[in-house]
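A.B. asks: Just passing along the structure, written as structure tokens.
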Amino acid sequence: MKQEKFKFSSRLVKCYFDADFSYLEKLVERTKVIIITDENLAHHYANKFMDYKTIVVKAGEEYKQQATVDHVINELIKRNADRESILIGVGGGVITDITGYAASVYMRGIKFAFVPTSILAMVDACIGGKSGVDVGLYKNLVGVINHPEFLLYEYSFLKTLPQEEWINGFAEIIKHACIKDKQMFSFLEKETLERFQNYPKVIAKLIKQNVEIKYSIVSKDENETGDRKLLNFGHTIGHAVENIYKLSHGNAVSIGMAAACKISGDIKSFSSKEKERVLTLLKKYHLPVDLNFDKEKVWKVLLMDKKKSGDKMNFILLNKIGDAFVKPIPLAHLKNLFNQVLL
Ligand SMILES: NC(=O)c1ccc[n+]([C@@H]2O[C@H](COP(=O)([O-])OP(=O)(O)OC[C@H]3O[C@@H](n4cnc5c(N)ncnc54)[C@H](O)[C@@H]3O)[C@@H](O)[C@H]2O)c1
Ligand SMILES: [Zn+2]
């Protein structure tokens with residue numbers, strides 16, 4: 001097991017890589033733990049959770065809503081959770097978001113930690129302290145910023161991760177490569193999803209590398225005034241199409257990244273060769289690069305995006321692979337690009 005410490009202004013988050021779930025009992029008192037997980041994980045890992053109080057919620061993004069948080073809170077009351085309790089979110093990004101948010105508001109805030117079980121949660125959702133829920137079509141509209149006590153990575157959870165969820169997780173890995181790491185981009189070009197699935201040591205190394213990329217971006221800009229915005233690459237259009245078309249997060253972000261590359265080419269001298277490299281890499285990892293979406297509908301949702309400020313939208317574009325920048329685009333111009341570039 002490798003232990004690292006991630007320093008944020010409000011908390012030092014301990015991170016246990018290559019750990020075993022059973023290590024939990026060394027970190028926290030069993031009687032104080034309440035596990036929050038979803039039906040799929042409860043089904044696969046009943047024996048791991050057996051000795052703990054557990055709250056199981058329905059699986060899927062459509063349950064990342066306030067009603068599920070209310071349900072969790074009622075279950076916490078039934079289990080006599082108090083300020084000494086610690087919630088452990090064991091699952092994908094939906095579970096880590098629900099756990100972080102519920103723990104942060106229950107009794108004005110109790111301790112929580114994460115055991116991420118999907119690639120997406122491992123490389124992205126569990127790092128950075130953001131957690132929240134969707135409100136209708138609006139993604140992550142309500143939530144908090146608060147860091148977990150610790151992160152525990154047991155890679156063997158990935159053995160039961162469905163193929164489509166592997167693919168989703170790779171959208172965020174490709175995003176990290178596009179915005180910050182051209183070497184990792186080239187490495188991904190040479191590798192295949194199948195190799196990562198079959199070689200635990202190779203995926204373990206890639207996951208750790210991605211956690212470090214996300215940590216290094218977030219820790220330098222906790223308030224999202226600078227570089228942290230780059231993590232939204234592909235997410236502006238991505239979030240809008242995600243909920244309208246009930247796409248998975250990774251698929252939606254992939255479509256968003258492809259669109260952002262097309263817009264990058266129109267605004268900046270981002271070469272069409274580089275654009276093709278990004279599109280080819282996304283396709284190599286079985287991700288979609290286009291969607292014939294209803295532009296008016298997507299535009300309406302886009303206007304509610306948290307990245308909008310006044311009459312501009314802070315859009316993330318690429319200078320080149322491994323180098324992204326924030327471009328405030330006037331809404332009128334963006335609307336034109338929307339109609340002309342994204343045909
Ligand atoms: N808070 C953040 O900073 C942040 C960052 C990125 C994404 N997110 C959020 O994360 C969510 C997406 O995360 P996700 O893709 O992990 O979604 P998810 O939690 O819905 O998991 C995807 C599916 O995989 C299943 N699953 C997860 N791990 C499994 C395993 N080991 N074995 C079998 N099945 C398993 C889940 O039950 C679910 O059906 C979105 O809601 C997104 O907004 C949050
Ligand atoms: Zn994302």
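Every chain in the structure tokens takes a letter, A first, then B, and so on in the order presented; its residues are numbered from 1, and the ligands are numbered from 1 following the presented order.
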Would you name the residues within 10 Å of ligand 2, counting only C-alpha atoms and all ligand atoms, and put them as a list of chain:residue names?
C.D. replies: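 Final answer, ordered by chain and number: A:Gly93, A:Leu120, A:Ala121, A:Val123, A:Asp124, A:Ala125, A:Asn168, A:Gly169, A:Ala171, A:Glu172, A:Ile173, A:Lys175, A:Leu231, A:Asn232, A:Phe233, A:Gly234, A:His235, A:Gly238, A:His239, A:His249, A:Gly250, A:Asn251, A:Ala252, A:Val253, A:Ser254.
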A.B. asks: With N, CA, C and O atoms kept, could you save the residues just selected as a short mmCIF file (atom, residue, chain, number, x, y, z; two decimals), in the first residue's frame?
C.D. replies:
```cif
data_model
loop_
_atom_site.label_atom_id
_atom_site.label_comp_id
_atom_site.auth_asym_id
_atom_site.auth_seq_id
_atom_site.Cartn_x
_atom_site.Cartn_y
_atom_site.Cartn_z
N GLY A 93 -19.13 7.99 -8.87
CA GLY A 93 -19.23 9.42 -8.60
C GLY A 93 -20.58 9.85 -8.05
O GLY A 93 -20.67 10.84 -7.32
N LEU A 120 -14.08 6.54 -13.08
CA LEU A 120 -14.41 7.96 -13.03
C LEU A 120 -14.30 8.52 -11.61
O LEU A 120 -13.75 9.60 -11.39
N ALA A 121 -14.82 7.77 -10.65
CA ALA A 121 -14.73 8.25 -9.27
C ALA A 121 -13.28 8.24 -8.79
O ALA A 121 -12.84 9.15 -8.09
N VAL A 123 -10.45 8.65 -10.54
CA VAL A 123 -9.54 9.65 -11.12
C VAL A 123 -10.09 11.07 -11.02
O VAL A 123 -9.37 12.02 -11.28
N ASP A 124 -11.37 11.20 -10.67
CA ASP A 124 -11.97 12.51 -10.77
C ASP A 124 -12.89 12.86 -9.61
O ASP A 124 -12.57 13.70 -8.77
N ALA A 125 -14.05 12.17 -9.52
CA ALA A 125 -15.11 12.63 -8.61
C ALA A 125 -14.71 12.71 -7.14
O ALA A 125 -15.20 13.57 -6.42
N ASN A 168 -16.53 5.23 -19.81
CA ASN A 168 -16.85 6.53 -19.22
C ASN A 168 -15.68 7.14 -18.48
O ASN A 168 -15.39 8.32 -18.61
N GLY A 169 -15.02 6.30 -17.70
CA GLY A 169 -13.90 6.79 -16.89
C GLY A 169 -12.76 7.28 -17.76
O GLY A 169 -12.08 8.26 -17.43
N ALA A 171 -12.98 8.85 -20.44
CA ALA A 171 -13.24 10.20 -20.96
C ALA A 171 -12.51 11.23 -20.08
O ALA A 171 -11.89 12.17 -20.57
N GLU A 172 -12.56 11.03 -18.75
CA GLU A 172 -11.91 12.00 -17.84
C GLU A 172 -10.38 11.86 -17.91
O GLU A 172 -9.65 12.84 -17.79
N ILE A 173 -9.91 10.64 -18.12
CA ILE A 173 -8.46 10.43 -18.25
C ILE A 173 -7.96 11.15 -19.51
O ILE A 173 -6.95 11.85 -19.49
N LYS A 175 -9.41 13.63 -20.89
CA LYS A 175 -9.53 15.06 -20.59
C LYS A 175 -8.26 15.56 -19.90
O LYS A 175 -7.69 16.59 -20.30
N LEU A 231 -10.43 22.01 -15.85
CA LEU A 231 -11.04 20.69 -15.66
C LEU A 231 -12.43 20.62 -16.26
O LEU A 231 -13.01 19.54 -16.40
N ASN A 232 -12.97 21.79 -16.59
CA ASN A 232 -14.29 21.80 -17.22
C ASN A 232 -14.23 21.58 -18.73
O ASN A 232 -15.25 21.67 -19.41
N PHE A 233 -13.03 21.28 -19.24
CA PHE A 233 -12.91 21.02 -20.68
C PHE A 233 -13.92 19.93 -21.08
O PHE A 233 -13.98 18.86 -20.46
N GLY A 234 -14.73 20.24 -22.07
CA GLY A 234 -15.74 19.28 -22.55
C GLY A 234 -17.01 19.23 -21.73
O GLY A 234 -17.98 18.57 -22.09
N HIS A 235 -17.02 19.94 -20.58
CA HIS A 235 -18.14 19.80 -19.65
C HIS A 235 -19.28 20.79 -19.88
O HIS A 235 -20.38 20.56 -19.39
N GLY A 238 -21.06 19.21 -22.64
CA GLY A 238 -21.24 17.86 -22.07
C GLY A 238 -22.39 17.80 -21.07
O GLY A 238 -23.30 16.99 -21.21
N HIS A 239 -22.35 18.68 -20.07
CA HIS A 239 -23.42 18.66 -19.05
C HIS A 239 -24.78 18.92 -19.67
O HIS A 239 -25.79 18.33 -19.27
N HIS A 249 -22.14 10.26 -18.11
CA HIS A 249 -21.28 11.43 -17.96
C HIS A 249 -20.09 11.38 -18.95
O HIS A 249 -19.82 12.35 -19.65
N GLY A 250 -19.44 10.23 -19.01
CA GLY A 250 -18.25 10.10 -19.86
C GLY A 250 -18.58 10.29 -21.33
O GLY A 250 -17.86 10.98 -22.06
N ASN A 251 -19.68 9.70 -21.76
CA ASN A 251 -20.09 9.85 -23.16
C ASN A 251 -20.41 11.31 -23.47
O ASN A 251 -20.02 11.83 -24.52
N ALA A 252 -21.10 11.96 -22.54
CA ALA A 252 -21.47 13.36 -22.74
C ALA A 252 -20.23 14.24 -22.78
O ALA A 252 -20.10 15.12 -23.65
N VAL A 253 -19.29 13.98 -21.89
CA VAL A 253 -18.06 14.78 -21.84
C VAL A 253 -17.24 14.57 -23.12
O VAL A 253 -16.63 15.50 -23.65
N SER A 254 -17.27 13.35 -23.63
CA SER A 254 -16.54 13.05 -24.86
C SER A 254 -17.12 13.89 -26.02
O SER A 254 -16.37 14.51 -26.79
#
```
A.B. asks: Identify, counting only C-alpha atoms and all ligand atoms, the protein, DNA and RNA residues located within 7 Å of ligand 1, and give them as a PyMOL selection string.
C.D. replies: chain A and resi 38-41+59-61+64+91-95+97+117-121+124-132+139-140+157-162+165+168-169+249-250
A.B. asks: Within 8 Å of range 13-27 of chain A, counting only C-alpha atoms, which residues qualify if same-chain residues fewer than 4 places away don't, as JSON, numbers by chain?
C.D. replies: {"A": [1, 2, 3, 4, 5, 6, 7, 8, 48, 147, 148, 149, 150, 151, 152, 153, 154, 155, 204, 208]}
A.B. asks: Those residues you just picked out, can you put them in a file as an mmCIF file, in the first residue's frame with C-alpha atoms?
C.D. replies:
```cif
data_model
loop_
_atom_site.group_PDB
_atom_site.id
_atom_site.type_symbol
_atom_site.label_atom_id
_atom_site.label_comp_id
_atom_site.auth_asym_id
_atom_site.auth_seq_id
_atom_site.Cartn_x
_atom_site.Cartn_y
_atom_site.Cartn_z
ATOM 1 C CA MET A 1 0.000 0.000 0.000
ATOM 2 C CA LYS A 2 1.198 3.507 -0.795
ATOM 3 C CA GLN A 3 0.074 6.426 1.323
ATOM 4 C CA GLU A 4 0.063 10.020 0.136
ATOM 5 C CA LYS A 5 -1.207 13.203 1.735
ATOM 6 C CA PHE A 6 -3.109 15.792 -0.225
ATOM 7 C CA LYS A 7 -3.027 19.240 1.284
ATOM 8 C CA PHE A 8 -5.988 21.547 0.841
ATOM 9 C CA LYS A 48 -17.428 -6.686 2.450
ATOM 10 C CA HIS A 147 -13.091 17.450 1.545
ATOM 11 C CA PRO A 148 -13.263 13.852 2.777
ATOM 12 C CA GLU A 149 -11.040 12.636 5.636
ATOM 13 C CA PHE A 150 -9.415 10.014 3.435
ATOM 14 C CA LEU A 151 -9.581 8.122 0.145
ATOM 15 C CA LEU A 152 -9.043 4.387 -0.006
ATOM 16 C CA TYR A 153 -8.282 2.768 -3.365
ATOM 17 C CA GLU A 154 -8.890 -0.942 -3.760
ATOM 18 C CA TYR A 155 -8.384 -1.631 -7.457
ATOM 19 C CA ALA A 204 -3.075 1.261 -11.020
ATOM 20 C CA LYS A 208 -2.441 7.309 -9.530
#
```
A.B. asks: Would you compute the distance between CA of Ser248 in chain A and CA of Ile167 in chain A? Give it in Å to one decimal.
C.D. replies: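 Between these atoms lies a distance of 10.0 Å.
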A.B. asks: Restricting the calculation to only C-alpha atoms: of A:Met122, A:Gly265, A:Arg83, A:Asp305, which residue gets closest to Glu212 in chain A?
C.D. replies: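 Selected residue with least distance to Glu212 in chain A: A:Met122.
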A.B. asks: Using only C-alpha atoms, which residue out of A:Arg195, A:Lys312, A:Lys320, A:His71 lies closest to Lys182 in chain A?
C.D. replies: A:Lys320
A.B. asks: Ile255 in chain A: which residues within 9 Å, counting only C-alpha atoms, same-chain residues fewer than 5 positions away excluded, as a list in words?
C.D. replies: Gly234, Ile237, Gly238, Val241, Gly250, Ala260, Leu287, Pro288, Val289, Asp290 and Leu291 of chain A
A.B. asks: Would you mind reading off the distance between CA of Ser10 in chain A and CA of Thr37 in chain A, one decimal, in Å?
C.D. replies: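 Between CA of Ser10 in chain A and CA of Thr37 in chain A the gap is 25.9 Å.
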A.B. asks: Measuring between only C-alpha atoms, which one of A:Lys246, A:Ile179, A:Val133, A:Ile77 shows the shortest distance to Met107 in chain A?
C.D. replies: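 Comparing A:Lys246, A:Ile179, A:Val133, A:Ile77 against Met107 in chain A, the winner is A:Ile77.
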A.B. asks: Would you list the contacts of Ser85 in chain A as a list of chain:residue names, taking every protein, DNA or RNA residue within 7 Å and counting only C-alpha atoms, but skipping same-chain residues closer than 6 positions in sequence?
C.D. replies: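 The residues that qualify are A:Lys32, A:Val33, A:Ile110, A:Lys111.
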A.B. asks: Can you work out which one of A:Asp294, A:Glu276, A:Glu189, A:Asp266 has the shortest atom-to-atom distance to Ile244 in chain A, counting only C-alpha atoms?
C.D. replies: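 Looking at the shortest contact to Ile244 in chain A, the residue is A:Asp294.
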A.B. asks: Restricting the calculation to only C-alpha atoms, which member of A:Ala259, A:Tyr215, A:Tyr285, A:Ile88 is positioned closest to Glu29 in chain A?
C.D. replies: A:Ile88
A.B. asks: Would you please give, as a list in words, all residues of range 196-340 of chain A that DSSP assigns to strand (DSSP E or B) based on the backbone?
C.D. replies: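 Reading the DSSP output for range 196-340 of chain A, strand (DSSP E or B) covers Lys308, Ser309, Lys312, Met313, Asn314, Phe315, Ile316, Leu317, Leu318, Asn319, Lys320, Asp323, Ala324, Phe325, Val326, Lys327, Pro328, Ile329 and Pro330 of chain A.
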A.B. asks: List every residue of range 31-179 of chain A that DSSP, applied to the backbone of this structure, assigns to alpha helix (DSSP H), and report them as a VMD selection string.
C.D. replies: chain A and resid 39 to 44 46 to 49 66 to 78 93 to 105 119 to 120 163 to 179
A.B. asks: Nearest residue to Tyr63 in chain A out of A:Pro116, A:Gly136, A:Gly109, A:Gly322, using only C-alpha atoms?
C.D. replies: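 Counting only C-alpha atoms, the residue closest to Tyr63 in chain A is A:Gly136.
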A.B. asks: Could you please determine the separation between CA of Lys229 in chain A and CA of Ile217 in chain A in Å, to one decimal place?
C.D. replies: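 Taking CA of Lys229 in chain A and CA of Ile217 in chain A, their separation equals 9.2 Å.
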A.B. asks: Write out as number ranges by chain the residues lying within 12 Å of Asp311 in chain A, counting only C-alpha atoms and excluding same-chain residues fewer than 6 positions away.
C.D. replies: A: 303-304, 328-335
